[in-house]
>>> print(open('coords07.csv').read())   # CSV, C-alpha atoms and all ligand atoms
chain,number,residue,atom,x,y,z
A,1,MET,CA,0.0,0.0,0.0
A,2,ASP,CA,1.2,3.5,-0.8
A,3,TYR,CA,0.8,6.3,1.7
A,4,TYR,CA,1.7,9.9,2.3
A,5,VAL,CA,1.8,11.9,5.5
A,6,THR,CA,1.5,15.6,6.1
A,7,LEU,CA,3.5,17.4,8.8
A,8,SER,CA,4.9,20.9,9.5
A,9,PRO,CA,7.0,21.8,6.5
A,10,GLY,CA,10.7,21.8,7.5
A,11,LEU,CA,10.6,18.8,9.9
A,12,GLU,CA,10.6,16.1,7.2
A,13,LYS,CA,14.0,14.6,8.3
A,14,ILE,CA,12.6,13.9,11.8
A,15,SER,CA,9.3,12.4,10.6
A,16,LYS,CA,11.2,10.3,8.1
A,17,ASN,CA,13.0,8.5,11.1
A,18,GLU,CA,9.6,8.0,12.8
A,19,ILE,CA,8.1,6.4,9.6
A,20,GLU,CA,11.1,4.1,9.3
A,21,SER,CA,10.8,3.1,12.9
A,22,PHE,CA,7.2,1.9,12.1
A,23,GLU,CA,8.7,0.0,9.2
A,24,GLY,CA,7.4,2.3,6.4
A,25,LYS,CA,9.6,2.3,3.3
A,26,ILE,CA,10.4,5.8,2.3
A,27,LYS,CA,9.8,6.6,-1.4
A,28,GLU,CA,10.1,10.3,-1.6
A,29,ILE,CA,10.6,13.2,0.9
A,30,ARG,CA,9.3,16.6,-0.2
A,31,GLU,CA,11.7,18.8,1.8
A,32,ASN,CA,10.0,21.9,3.2
A,33,LYS,CA,6.7,20.9,1.6
A,34,GLY,CA,5.5,18.8,4.6
A,35,ARG,CA,4.9,15.7,2.6
A,36,ILE,CA,6.6,12.2,2.8
A,37,PHE,CA,5.6,9.4,0.4
A,38,PHE,CA,6.2,5.8,1.5
A,39,SER,CA,4.9,2.3,1.3
A,40,GLY,CA,4.2,-0.4,3.8
A,41,ASP,CA,1.5,-2.8,5.1
A,42,LEU,CA,-1.9,-2.1,6.4
A,43,GLU,CA,-0.7,-2.1,10.0
A,44,LEU,CA,0.9,1.2,9.4
A,45,ILE,CA,-2.6,2.8,9.7
A,46,PRO,CA,-3.2,2.1,13.3
A,47,LYS,CA,0.5,2.3,14.2
A,48,ILE,CA,1.0,5.8,12.8
A,49,ASN,CA,-2.4,7.2,13.9
A,50,TYR,CA,-1.9,5.9,17.4
A,51,LEU,CA,1.8,6.1,18.0
A,52,SER,CA,3.2,8.9,15.8
A,53,ARG,CA,4.3,12.0,17.6
A,54,THR,CA,5.6,14.1,14.7
A,55,ILE,CA,3.0,13.5,11.9
A,56,GLU,CA,-0.2,15.4,11.4
A,57,ARG,CA,-2.1,13.2,9.1
A,58,LEU,CA,-1.8,9.8,7.3
A,59,ASN,CA,-3.4,9.4,3.9
A,60,ILE,CA,-3.6,6.3,1.6
A,61,LEU,CA,-2.2,7.5,-1.7
A,62,LEU,CA,-4.5,6.8,-4.6
A,63,TYR,CA,-3.0,9.1,-7.3
A,64,ARG,CA,-0.2,11.5,-7.9
A,65,GLU,CA,1.0,13.3,-11.0
A,66,GLU,CA,2.8,16.5,-12.0
A,67,ILE,CA,0.6,18.3,-14.5
A,68,PRO,CA,2.1,21.5,-15.8
A,69,ASN,CA,-0.6,24.3,-15.9
A,70,ILE,CA,-3.0,22.0,-14.2
A,71,SER,CA,-6.7,22.8,-14.8
A,72,LEU,CA,-10.0,21.8,-13.3
A,73,ASP,CA,-10.6,19.5,-16.3
A,74,ASP,CA,-7.4,17.6,-15.5
A,75,ILE,CA,-8.6,17.2,-11.9
A,76,TYR,CA,-12.0,15.9,-13.1
A,77,GLU,CA,-10.4,13.4,-15.5
A,78,ARG,CA,-7.9,12.0,-13.0
A,79,VAL,CA,-10.5,11.7,-10.2
A,80,TYR,CA,-13.0,10.1,-12.5
A,81,ASN,CA,-10.5,7.4,-13.6
A,82,ILE,CA,-9.8,6.2,-10.1
A,83,ASP,CA,-11.7,3.0,-9.1
A,84,TRP,CA,-13.6,4.4,-6.1
A,85,THR,CA,-15.6,1.2,-5.6
A,86,GLU,CA,-12.5,-0.2,-3.8
A,87,TRP,CA,-12.6,2.6,-1.2
A,88,ILE,CA,-16.2,3.6,-0.6
A,89,LYS,CA,-19.1,1.2,0.0
A,90,GLU,CA,-22.4,1.9,-1.7
A,91,ASN,CA,-24.1,3.0,1.5
A,92,GLN,CA,-21.2,5.2,2.7
A,93,SER,CA,-21.1,9.0,2.5
A,94,PHE,CA,-18.0,10.9,1.5
A,95,ALA,CA,-16.5,14.4,1.5
A,96,ILE,CA,-13.8,15.9,-0.6
A,97,ARG,CA,-11.4,18.0,1.5
A,98,PRO,CA,-9.5,20.1,-1.0
A,99,LEU,CA,-6.2,21.9,-0.7
A,100,ARG,CA,-4.5,24.3,-3.0
A,101,VAL,CA,-1.0,25.7,-2.7
A,102,GLY,CA,0.5,28.1,-5.3
A,103,GLU,CA,-0.9,30.2,-8.1
A,104,HIS,CA,-3.9,28.8,-10.0
A,105,ASN,CA,-6.9,30.3,-11.8
A,106,PHE,CA,-9.3,28.3,-9.6
A,107,THR,CA,-10.0,28.1,-5.9
A,108,SER,CA,-9.9,25.1,-3.5
A,109,ILE,CA,-13.7,25.3,-3.4
A,110,ASP,CA,-13.6,24.6,-7.2
A,111,ILE,CA,-11.3,21.6,-6.6
A,112,GLY,CA,-13.8,20.2,-4.1
A,113,ARG,CA,-16.8,20.7,-6.4
A,114,VAL,CA,-15.1,19.3,-9.5
A,115,ALA,CA,-13.5,16.3,-7.7
A,116,GLY,CA,-16.9,15.6,-6.0
A,117,GLU,CA,-18.7,15.5,-9.3
A,118,ALA,CA,-16.1,13.3,-10.8
A,119,LEU,CA,-16.2,10.8,-7.9
A,120,ILE,CA,-20.0,10.6,-8.0
A,121,LYS,CA,-20.1,10.1,-11.8
A,122,SER,CA,-17.3,7.5,-11.7
A,123,TYR,CA,-19.1,5.5,-9.0
A,124,GLN,CA,-22.4,5.7,-10.9
A,125,LYS,CA,-20.6,4.3,-14.0
A,126,ASP,CA,-19.2,1.3,-12.1
A,127,LYS,CA,-22.0,0.5,-9.7
A,128,ASN,CA,-25.0,2.4,-10.8
A,129,VAL,CA,-25.3,4.0,-7.4
A,130,ARG,CA,-25.2,7.7,-6.6
A,131,LEU,CA,-23.0,8.2,-3.5
A,132,LYS,CA,-24.1,10.6,-0.8
A,133,VAL,CA,-22.0,13.6,0.1
A,134,ASN,CA,-21.8,14.5,3.8
A,135,LEU,CA,-19.5,17.5,4.4
A,136,ASP,CA,-20.0,17.4,8.2
A,137,GLU,CA,-19.6,13.8,9.2
A,138,PRO,CA,-18.5,11.8,6.2
A,139,ASP,CA,-17.8,8.1,6.4
A,140,VAL,CA,-14.8,8.5,4.0
A,141,ILE,CA,-12.7,11.7,3.7
A,142,VAL,CA,-11.0,12.1,0.3
A,143,ARG,CA,-8.1,14.5,0.1
A,144,VAL,CA,-7.6,16.2,-3.2
A,145,GLU,CA,-4.5,18.5,-3.1
A,146,VAL,CA,-3.1,20.7,-5.8
A,147,ILE,CA,0.3,21.7,-4.7
A,148,PHE,CA,1.8,24.0,-7.4
A,149,ASP,CA,1.7,21.7,-10.4
A,150,GLU,CA,1.2,18.5,-8.6
A,151,LEU,CA,-2.1,16.7,-8.1
A,152,ILE,CA,-2.3,14.3,-5.1
A,153,VAL,CA,-5.5,12.2,-4.3
A,154,GLY,CA,-5.7,10.2,-1.1
A,155,ILE,CA,-8.0,8.6,1.4
A,156,ASP,CA,-7.6,10.2,4.8
A,157,THR,CA,-7.1,7.6,7.6
A,158,THR,CA,-6.7,10.2,10.4
A,159,GLY,CA,-10.0,12.2,10.1
A,160,ASP,CA,-10.7,15.9,10.4
A,161,ILE,CA,-9.0,16.2,13.8
A,162,ALA,CA,-5.3,16.0,12.9
A,163,LEU,CA,-2.8,14.2,15.1
A,164,ASP,CA,-1.3,17.3,16.5
A,165,LYS,CA,-4.6,17.7,18.5
A,166,ARG,CA,-3.5,15.5,21.2
A,167,GLY,CA,-6.6,15.2,23.4
A,168,TYR,CA,-4.8,15.9,26.7
A,169,ARG,CA,-4.9,19.6,26.3
A,170,VAL,CA,-7.4,21.3,28.5
A,171,PHE,CA,-5.7,24.7,28.9
A,172,ASN,CA,-4.9,26.7,25.8
A,173,HIS,CA,-2.0,29.2,25.9
A,174,PRO,CA,-2.6,32.0,23.4
A,175,ALA,CA,0.7,31.2,21.6
A,176,HIS,CA,1.1,27.5,22.3
A,177,LEU,CA,3.3,25.3,20.2
A,178,ASN,CA,2.0,22.6,17.9
A,179,ALA,CA,2.5,19.3,19.8
A,180,THR,CA,4.0,17.6,16.7
A,181,ILE,CA,6.6,20.3,16.5
A,182,ALA,CA,7.3,20.1,20.2
A,183,SER,CA,7.9,16.3,19.9
A,184,SER,CA,10.1,16.8,16.8
A,185,LEU,CA,12.3,19.3,18.7
A,186,VAL,CA,12.7,16.7,21.5
A,187,TYR,CA,13.7,14.1,19.0
A,188,LEU,CA,16.1,16.6,17.4
A,189,SER,CA,17.8,17.2,20.8
A,190,VAL,CA,18.6,13.5,21.1
A,191,TRP,CA,17.8,13.8,24.8
A,192,LYS,CA,19.3,10.9,26.8
A,193,ASP,CA,17.8,8.9,29.7
A,194,ASP,CA,20.0,10.5,32.4
A,195,GLU,CA,19.8,14.1,31.1
A,196,ILE,CA,18.0,17.2,32.4
A,197,LEU,CA,15.5,18.7,29.9
A,198,LEU,CA,14.6,22.3,30.5
A,199,ASP,CA,12.0,24.4,28.7
A,200,PRO,CA,12.7,27.9,30.2
A,201,MET,CA,9.6,29.6,28.7
A,202,CYS,CA,7.2,26.6,28.8
A,203,GLY,CA,3.8,28.4,28.6
A,204,SER,CA,1.2,25.6,28.7
A,205,GLY,CA,3.8,23.0,28.9
A,206,THR,CA,3.7,21.5,25.4
A,207,ILE,CA,7.5,20.7,25.2
A,208,PRO,CA,7.9,19.2,28.7
A,209,ILE,CA,4.7,17.2,28.3
A,210,GLU,CA,5.7,15.8,24.9
A,211,GLY,CA,9.1,15.1,26.3
A,212,ALA,CA,7.6,13.2,29.2
A,213,LEU,CA,5.3,11.2,26.9
A,214,ILE,CA,8.3,10.2,24.8
A,215,LYS,CA,10.4,9.1,27.8
A,216,ARG,CA,7.5,7.2,29.4
A,217,ASN,CA,6.5,5.7,26.0
A,218,ILE,CA,2.9,6.8,26.4
A,219,PRO,CA,1.3,6.9,22.9
A,220,PRO,CA,-0.4,10.2,22.0
A,221,GLY,CA,-3.3,8.2,20.5
A,222,LYS,CA,-4.4,7.1,24.0
A,223,PHE,CA,-5.7,10.6,24.7
A,224,ARG,CA,-7.2,11.1,21.3
A,225,GLU,CA,-9.1,7.9,21.9
A,226,GLU,CA,-10.3,9.0,25.3
A,227,LYS,CA,-11.3,12.5,24.1
A,228,TYR,CA,-12.6,12.0,20.6
A,229,GLY,CA,-13.7,8.4,20.9
A,230,PHE,CA,-11.6,7.1,18.0
A,231,LYS,CA,-11.9,3.4,17.6
A,232,PHE,CA,-9.3,2.7,14.9
A,233,ILE,CA,-7.7,0.0,17.0
A,234,ASP,CA,-11.0,-1.9,17.1
A,235,ILE,CA,-11.6,-1.3,13.4
A,236,PHE,CA,-8.3,-2.9,12.5
A,237,GLY,CA,-8.6,-5.7,15.1
A,238,TYR,CA,-5.1,-4.8,16.1
A,239,GLU,CA,-4.0,-5.3,19.7
A,240,LEU,CA,-1.8,-2.3,19.7
A,241,LEU,CA,-3.6,-0.7,22.6
A,242,ASN,CA,-3.0,-3.6,25.0
A,243,LYS,CA,0.5,-4.1,23.7
A,244,THR,CA,1.5,-0.5,24.3
A,245,LYS,CA,-0.3,-0.4,27.7
A,246,LYS,CA,2.0,-3.1,28.9
A,247,GLU,CA,5.0,-1.3,27.5
A,248,ILE,CA,4.3,2.1,29.1
A,249,ALA,CA,7.4,2.6,31.1
A,250,GLU,CA,7.4,3.2,34.8
A,251,ASN,CA,8.5,6.7,35.8
A,252,LYS,CA,12.0,5.7,36.7
A,253,ASN,CA,13.0,9.4,37.1
A,254,ASN,CA,16.6,9.0,36.2
A,255,TYR,CA,16.0,11.9,33.9
A,256,LYS,CA,14.6,15.2,34.9
A,257,ILE,CA,12.1,17.5,33.1
A,258,ILE,CA,11.7,21.2,34.1
A,259,GLY,CA,9.1,23.6,32.8
A,260,LEU,CA,9.7,27.2,33.7
A,261,ASP,CA,7.7,30.3,33.0
A,262,LYS,CA,7.4,33.7,34.5
A,263,ASN,CA,3.6,33.6,34.3
A,264,GLN,CA,1.9,31.6,37.1
A,265,LYS,CA,-1.4,31.5,35.2
A,266,TYR,CA,0.3,29.7,32.3
A,267,LEU,CA,2.0,27.3,34.7
A,268,ASP,CA,-1.3,26.4,36.3
A,269,GLY,CA,-2.6,25.6,32.9
A,270,ALA,CA,0.5,23.6,32.1
A,271,LYS,CA,0.0,21.5,35.2
A,272,GLU,CA,-3.6,20.8,34.2
A,273,ASN,CA,-2.4,19.7,30.8
A,274,ALA,CA,0.3,17.5,32.3
A,275,LYS,CA,-2.1,16.0,34.7
A,276,ASN,CA,-4.5,15.1,31.9
A,277,ALA,CA,-1.5,13.6,30.0
A,278,GLU,CA,-0.7,11.5,33.0
A,279,VAL,CA,2.8,13.0,33.3
A,280,LEU,CA,2.4,15.6,36.0
A,281,ASP,CA,4.6,13.6,38.4
A,282,THR,CA,7.4,13.5,35.8
A,283,ILE,CA,7.7,17.3,35.4
A,284,ASP,CA,8.8,20.1,37.8
A,285,PHE,CA,6.9,23.2,36.9
A,286,ILE,CA,8.6,26.3,38.3
A,287,CYS,CA,7.7,30.0,38.2
A,288,GLY,CA,10.8,31.8,37.3
A,289,ASP,CA,12.7,34.1,34.9
A,290,ALA,CA,14.5,32.6,31.8
A,291,THR,CA,17.0,35.5,32.0
A,292,LYS,CA,18.1,34.4,35.4
A,293,LEU,CA,18.6,30.7,34.9
A,294,HIS,CA,22.1,30.8,36.3
A,295,GLU,CA,20.7,31.9,39.6
A,296,ARG,CA,18.7,28.8,39.9
A,297,PHE,CA,20.5,26.0,38.0
A,298,ASP,CA,24.2,24.8,38.0
A,299,SER,CA,24.1,22.7,34.8
A,300,VAL,CA,21.5,21.7,32.3
A,301,ASP,CA,21.9,19.2,29.5
A,302,VAL,CA,19.1,20.0,27.0
A,303,ILE,CA,17.3,23.3,26.7
A,304,ILE,CA,14.4,23.6,24.3
A,305,ALA,CA,12.8,27.0,24.1
A,306,ASN,CA,9.9,28.6,22.3
A,307,PRO,CA,10.3,32.2,23.3
A,308,PRO,CA,7.8,35.0,22.6
A,309,TYR,CA,7.9,36.6,19.2
A,310,GLY,CA,7.6,40.3,18.6
A,311,ILE,CA,4.3,39.8,16.7
A,312,ARG,CA,2.6,38.5,19.8
A,313,MET,CA,4.6,40.2,22.5
A,314,GLY,CA,4.2,43.7,21.1
A,315,SER,CA,7.4,45.5,21.5
A,316,LYS,CA,10.4,44.5,19.4
A,317,ARG,CA,12.7,46.2,21.8
A,318,ALA,CA,11.5,44.0,24.6
A,319,VAL,CA,12.0,40.8,22.6
A,320,LYS,CA,15.6,41.9,21.6
A,321,LYS,CA,16.4,42.5,25.3
A,322,LEU,CA,14.8,39.1,26.3
A,323,TYR,CA,16.7,37.2,23.7
A,324,ASN,CA,20.0,38.7,24.7
A,325,GLU,CA,19.5,38.3,28.4
A,326,PHE,CA,18.2,34.7,28.0
A,327,LEU,CA,21.2,33.6,25.9
A,328,SER,CA,23.6,35.3,28.2
A,329,SER,CA,22.1,33.4,31.2
A,330,VAL,CA,21.6,30.0,29.4
A,331,LYS,CA,25.2,30.1,28.4
A,332,LYS,CA,26.2,30.0,32.1
A,333,VAL,CA,24.3,26.8,32.8
A,334,MET,CA,25.4,24.9,29.6
A,335,HIS,CA,28.4,22.5,29.6
A,336,GLY,CA,30.4,21.0,26.8
A,337,SER,CA,27.8,18.6,25.6
A,338,SER,CA,24.6,20.7,26.3
A,339,ARG,CA,22.3,21.4,23.4
A,340,LEU,CA,20.1,24.5,23.1
A,341,ILE,CA,17.2,24.3,20.6
A,342,VAL,CA,15.1,27.4,19.9
A,343,ILE,CA,12.2,27.9,17.7
A,344,THR,CA,11.3,31.6,16.9
A,345,ALA,CA,9.7,33.7,14.2
A,346,GLU,CA,12.2,36.5,15.0
A,347,GLU,CA,15.1,35.0,13.1
A,348,LYS,CA,17.2,38.1,12.7
A,349,MET,CA,16.9,39.3,16.2
A,350,PHE,CA,17.6,35.9,17.6
A,351,LYS,CA,20.6,35.3,15.4
A,352,ASP,CA,22.1,38.7,16.4
A,353,ALA,CA,21.8,37.6,20.0
A,354,VAL,CA,23.4,34.2,19.2
A,355,ILE,CA,26.4,35.9,17.5
A,356,LYS,CA,26.7,38.4,20.3
A,357,ASN,CA,26.8,35.6,22.9
A,358,ASN,CA,29.2,33.6,20.9
A,359,PHE,CA,27.2,30.3,20.5
A,360,GLU,CA,28.1,27.7,17.9
A,361,ILE,CA,25.3,27.2,15.4
A,362,LYS,CA,25.2,23.5,14.6
A,363,ASP,CA,22.1,23.7,12.5
A,364,GLU,CA,19.4,26.1,11.5
A,365,PHE,CA,16.4,25.5,9.3
A,366,ASP,CA,12.9,26.9,8.5
A,367,VAL,CA,9.8,25.4,9.9
A,368,MET,CA,6.3,26.4,8.8
A,369,PHE,CA,4.1,26.7,11.9
A,370,GLY,CA,0.5,27.4,11.0
A,371,GLY,CA,0.8,30.2,8.5
A,372,LEU,CA,4.0,31.5,10.2
A,373,MET,CA,7.5,31.0,9.0
A,374,THR,CA,9.7,30.2,12.0
A,375,LYS,CA,13.4,29.2,12.3
A,376,VAL,CA,14.8,26.4,14.4
A,377,PHE,CA,18.3,26.9,15.8
A,378,TYR,CA,20.4,24.1,17.2
A,379,LEU,CA,23.2,25.6,19.3
A,380,THR,CA,26.1,24.4,21.4
A,381,LEU,CA,28.8,26.3,23.3
B,1,LIG,N1,5.7,26.6,24.1
B,1,LIG,C1,4.6,27.2,24.9
B,1,LIG,C2,3.3,26.4,24.8
B,1,LIG,O1,3.3,25.5,24.0
B,1,LIG,O2,2.4,26.8,25.5
B,1,LIG,C3,4.4,28.7,24.5
B,1,LIG,C4,5.5,29.6,24.8
B,1,LIG,S1,5.1,31.2,24.5
B,1,LIG,C5,5.5,31.4,22.8
B,1,LIG,C6,6.3,32.1,25.3
B,1,LIG,C7,6.3,32.0,26.9
B,1,LIG,O3,7.4,32.7,27.4
B,1,LIG,C8,5.1,32.7,27.5
B,1,LIG,O4,4.3,31.8,28.2
B,1,LIG,C9,5.7,33.8,28.5
B,1,LIG,O5,5.0,33.8,29.7
B,1,LIG,C10,7.1,33.2,28.6
B,1,LIG,N2,8.1,34.2,29.0
B,1,LIG,C11,8.3,35.4,28.5
B,1,LIG,N3,9.4,36.0,29.1
B,1,LIG,C12,9.8,35.1,30.0
B,1,LIG,C13,10.9,35.2,30.9
B,1,LIG,N4,11.7,36.2,31.0
B,1,LIG,N5,11.1,34.1,31.8
B,1,LIG,C14,10.2,33.0,31.7
B,1,LIG,N6,9.2,33.0,30.8
B,1,LIG,C15,9.0,34.0,30.0
>>> encode(input="coords07.csv", output="structure tokens")
Amino acid sequence: MDYYVTLSPGLEKISKNEIESFEGKIKEIRENKGRIFFSGDLELIPKINYLSRTIERLNILLYREEIPNISLDDIYERVYNIDWTEWIKENQSFAIRPLRVGEHNFTSIDIGRVAGEALIKSYQKDKNVRLKVNLDEPDVIVRVEVIFDELIVGIDTTGDIALDKRGYRVFNHPAHLNATIASSLVYLSVWKDDEILLDPMCGSGTIPIEGALIKRNIPPGKFREEKYGFKFIDIFGYELLNKTKKEIAENKNNYKIIGLDKNQKYLDGAKENAKNAEVLDTIDFICGDATKLHERFDSVDVIIANPPYGIRMGSKRAVKKLYNEFLSSVKKVMHGSSRLIVITAEEKMFKDAVIKNNFEIKDEFDVMFGGLMTKVFYLTL
């Protein structure tokens, strides 16, 4: 079976490792486009939807073609020629979820309309049945994506609530990080079992919570199942749930996770989220100042930070000051093998502070977060 996943553009190299760990065979990675194509057996569907931490959505790939100057007629023809009887039962409803990226002389609504017509006509030709459309609660979700000149058609195995919606979140920070990005940053840090992980501006706790779930081997799907009532495990008759339940590690506490924020209100929310994610006992949430880390800590191994951006914080001057003072303080608690990972939309301001404070930039790359272009920095002393 051929599949493709969607994820935050820029983090493909991390999701690739995850797909390979589930025994998916990578076929093509669309760097910075948030798409990875691969193949594997049916078991990948419950595995990825239940266990993956970095992927947003898993689709079965039905069709894919580069079509220069793609038109609505091209879309109609390609969708019409797919054998839909294999994928949708006569009594099932469907919805097209269209996506369009790039310049075209049609809208995503046009894609949805044309692809829907083509699918209905194609099914009628093969089975003499007119399928029902249900845009709100379809039995089958069909993804039709036009990304620049490429047409991709797939069956969505995840559903409308993408995998970054974890189900444990009860408190929403106004600028919280996407959980799949948080997990990707933890993987990027290669955080070891006996190391301290610190998020010095943790807000609602996404990074520490995702870190704790990784260390304790708690599958994110567990909370989606509880909150949204997903039953994909039953559907596939796969005993993944029971298997992973047994494998959930005890909290051995030879590692340490600290979430710090200067705002007690956010910390209270972070604690609620962590409690709901069953990892509150794994994380120390502390009210404190990220510019005074050296007054509190002697030595930290892994620091992952998602500091405020000017856009949301208001004053650019305040952000510049914060970045400088934070880097000057964090430097004092890092040792030879410490890693500092930062995600920010204020690339230039942050980089100036990095240079001023004399850090070594091991890696830097763009990550698209929602509609916002951000930069991830991987720094050492
Ligand atoms: N990653 C978080 C989440 O998922 O909820 C969101 C972090 S938000 C972009 C930035 C956070 O930095 C805010 O919660 C803010 O209170 C905190 N902050 C700003 N200045 C700080 C400082 N000097 N010390 C500690 N925290 C600070």
>>> closest_residue(input="coords07.csv", among="A:Ser299, A:Asn49, A:Asn263, A:Asn81", to="Asp156 in chain A", atoms="all atoms listed in the file")
A:Asn49
>>> residues_near_ligand(input="coords07.csv", ligand="ligand LIG 1 (chain B)", cutoff="8 Å", atoms="all atoms listed in the file", output="PyMOL selection string")
chain A and resi 172-179+182+200-207+260-263+266+270+287-292+305-309+322+326
>>> closest_residue(input="coords07.csv", among="A:Trp87, A:Tyr228, A:Phe377, A:Phe297", to="Leu163 in chain A", atoms="all atoms listed in the file")
A:Tyr228
>>> residues_around(input="coords07.csv", residues="Asn358 in chain A", least_positions_apart="6", cutoff="12 Å", atoms="only C-alpha atoms", output="list in words")
Asn324, Leu327, Ser328, Val330, Lys331, Lys351, Asp352, Leu379, Thr380 and Leu381 of chain A
>>> residues_around(input="coords07.csv", residues="Glu56 in chain A", least_positions_apart="6", cutoff="8 Å", atoms="all atoms listed in the file", output="list in words")
Val5, Thr6, Leu7, Ser8, Ala162, Leu163, Asp164 and Thr180 of chain A
>>> residues_around(input="coords07.csv", residues="Glu31 in chain A", least_positions_apart="4", cutoff="8 Å", atoms="only C-alpha atoms", output="JSON, numbers by chain")
{"A": [9, 10, 12, 35]}
>>> residues_around(input="coords07.csv", residues="Tyr3 in chain A", least_positions_apart="2", cutoff="6 Å", atoms="all atoms listed in the file", output="JSON, numbers by chain")
{"A": [37, 38, 39, 59, 60, 61]}
>>> closest_residue(input="coords07.csv", among="A:Asp366, A:Glu103, A:Tyr255, A:Thr374", to="Asn32 in chain A", atoms="only C-alpha atoms")
A:Asp366
>>> atom_distance(input="coords07.csv", atom1="CA of Val133 in chain A", atom2="CA of Met1 in chain A")
25.9 Å
>>> residues_near_point(input="coords07.csv", point="(12.5, 8.5, 11.2)", cutoff="12 Å", atoms="all atoms listed in the file", output="list in words")
Leu11, Glu12, Lys13, Ile14, Ser15, Lys16, Asn17, Glu18, Ile19, Glu20, Ser21, Phe22, Glu23, Gly24, Lys25, Ile26, Ile29, Ile36, Phe38, Ile48, Ser52, Arg53, Thr54, Ile55, Ser184, Tyr187 and Leu188 of chain A
>>> atom_distance(input="coords07.csv", atom1="CA of Leu151 in chain A", atom2="CA of Glu86 in chain A")
20.3 Å
>>> atom_distance(input="coords07.csv", atom1="CA of Tyr76 in chain A", atom2="CA of Ala118 in chain A")
5.4 Å
>>> residues_around(input="coords07.csv", residues="Val144 in chain A", least_positions_apart="4", cutoff="6 Å", atoms="only C-alpha atoms", output="list of chain:residue names")
A:Pro98, A:Ile152, A:Val153
>>> residues_near_point(input="coords07.csv", point="(4.1, 11.9, -9.1)", cutoff="8 Å", atoms="all atoms listed in the file", output="list in words")
Tyr63, Arg64, Glu65, Glu66, Glu150, Leu151 and Ile152 of chain A
>>> closest_residue(input="coords07.csv", among="A:Pro219, A:Gly269, A:Gly229, A:Gly370", to="Tyr50 in chain A", atoms="only C-alpha atoms")
A:Pro219
>>> axis_aligned_box(input="coords07.csv", around="range 305-324 of chain A", padding_each_side="8 Å", output="JSON")
{"center_x": 11.3, "center_y": 36.6, "center_z": 21.5, "size_x": 33.4, "size_y": 35.2, "size_z": 25.6}
>>> closest_residue(input="coords07.csv", among="A:Glu364, A:Leu197, A:Ile214, A:Ser329", to="Asp301 in chain A", atoms="all atoms listed in the file")
A:Leu197
>>> closest_residue(input="coords07.csv", among="A:Arg143, A:Arg216, A:Lys275, A:His104", to="Thr157 in chain A", atoms="all atoms listed in the file")
A:Arg143
>>> decode(input="coords07.csv", residues="range 320-332 of chain A", atoms="N, CA and C atoms", output="PDB file, in the first residue's frame")
ATOM      1  N   LYS A 320      14.103  41.821  21.843  1.00  0.00           N
ATOM      2  CA  LYS A 320      15.553  41.874  21.642  1.00  0.00           C
ATOM      3  C   LYS A 320      16.280  41.746  22.992  1.00  0.00           C
ATOM      4  N   LYS A 321      15.791  42.489  23.970  1.00  0.00           N
ATOM      5  CA  LYS A 321      16.385  42.471  25.315  1.00  0.00           C
ATOM      6  C   LYS A 321      16.254  41.058  25.906  1.00  0.00           C
ATOM      7  N   LEU A 322      15.044  40.483  25.778  1.00  0.00           N
ATOM      8  CA  LEU A 322      14.800  39.140  26.323  1.00  0.00           C
ATOM      9  C   LEU A 322      15.755  38.123  25.692  1.00  0.00           C
ATOM     10  N   TYR A 323      15.887  38.156  24.349  1.00  0.00           N
ATOM     11  CA  TYR A 323      16.740  37.176  23.658  1.00  0.00           C
ATOM     12  C   TYR A 323      18.189  37.292  24.145  1.00  0.00           C
ATOM     13  N   ASN A 324      18.662  38.533  24.286  1.00  0.00           N
ATOM     14  CA  ASN A 324      20.045  38.737  24.721  1.00  0.00           C
ATOM     15  C   ASN A 324      20.269  38.247  26.142  1.00  0.00           C
ATOM     16  N   GLU A 325      19.354  38.631  27.018  1.00  0.00           N
ATOM     17  CA  GLU A 325      19.533  38.264  28.433  1.00  0.00           C
ATOM     18  C   GLU A 325      19.335  36.766  28.637  1.00  0.00           C
ATOM     19  N   PHE A 326      18.411  36.179  27.870  1.00  0.00           N
ATOM     20  CA  PHE A 326      18.186  34.730  27.969  1.00  0.00           C
ATOM     21  C   PHE A 326      19.437  33.967  27.530  1.00  0.00           C
ATOM     22  N   LEU A 327      19.997  34.366  26.376  1.00  0.00           N
ATOM     23  CA  LEU A 327      21.175  33.645  25.869  1.00  0.00           C
ATOM     24  C   LEU A 327      22.382  33.835  26.779  1.00  0.00           C
ATOM     25  N   SER A 328      22.514  35.016  27.343  1.00  0.00           N
ATOM     26  CA  SER A 328      23.644  35.258  28.240  1.00  0.00           C
ATOM     27  C   SER A 328      23.514  34.392  29.504  1.00  0.00           C
ATOM     28  N   SER A 329      22.270  34.214  29.983  1.00  0.00           N
ATOM     29  CA  SER A 329      22.058  33.391  31.182  1.00  0.00           C
ATOM     30  C   SER A 329      22.194  31.900  30.866  1.00  0.00           C
ATOM     31  N   VAL A 330      21.587  31.478  29.752  1.00  0.00           N
ATOM     32  CA  VAL A 330      21.585  30.037  29.430  1.00  0.00           C
ATOM     33  C   VAL A 330      23.010  29.535  29.198  1.00  0.00           C
ATOM     34  N   LYS A 331      23.833  30.415  28.679  1.00  0.00           N
ATOM     35  CA  LYS A 331      25.226  30.059  28.421  1.00  0.00           C
ATOM     36  C   LYS A 331      25.932  29.628  29.706  1.00  0.00           C
ATOM     37  N   LYS A 332      25.572  30.271  30.807  1.00  0.00           N
ATOM     38  CA  LYS A 332      26.231  29.988  32.085  1.00  0.00           C
ATOM     39  C   LYS A 332      25.821  28.644  32.675  1.00  0.00           C
TER      40      LYS A 332
END
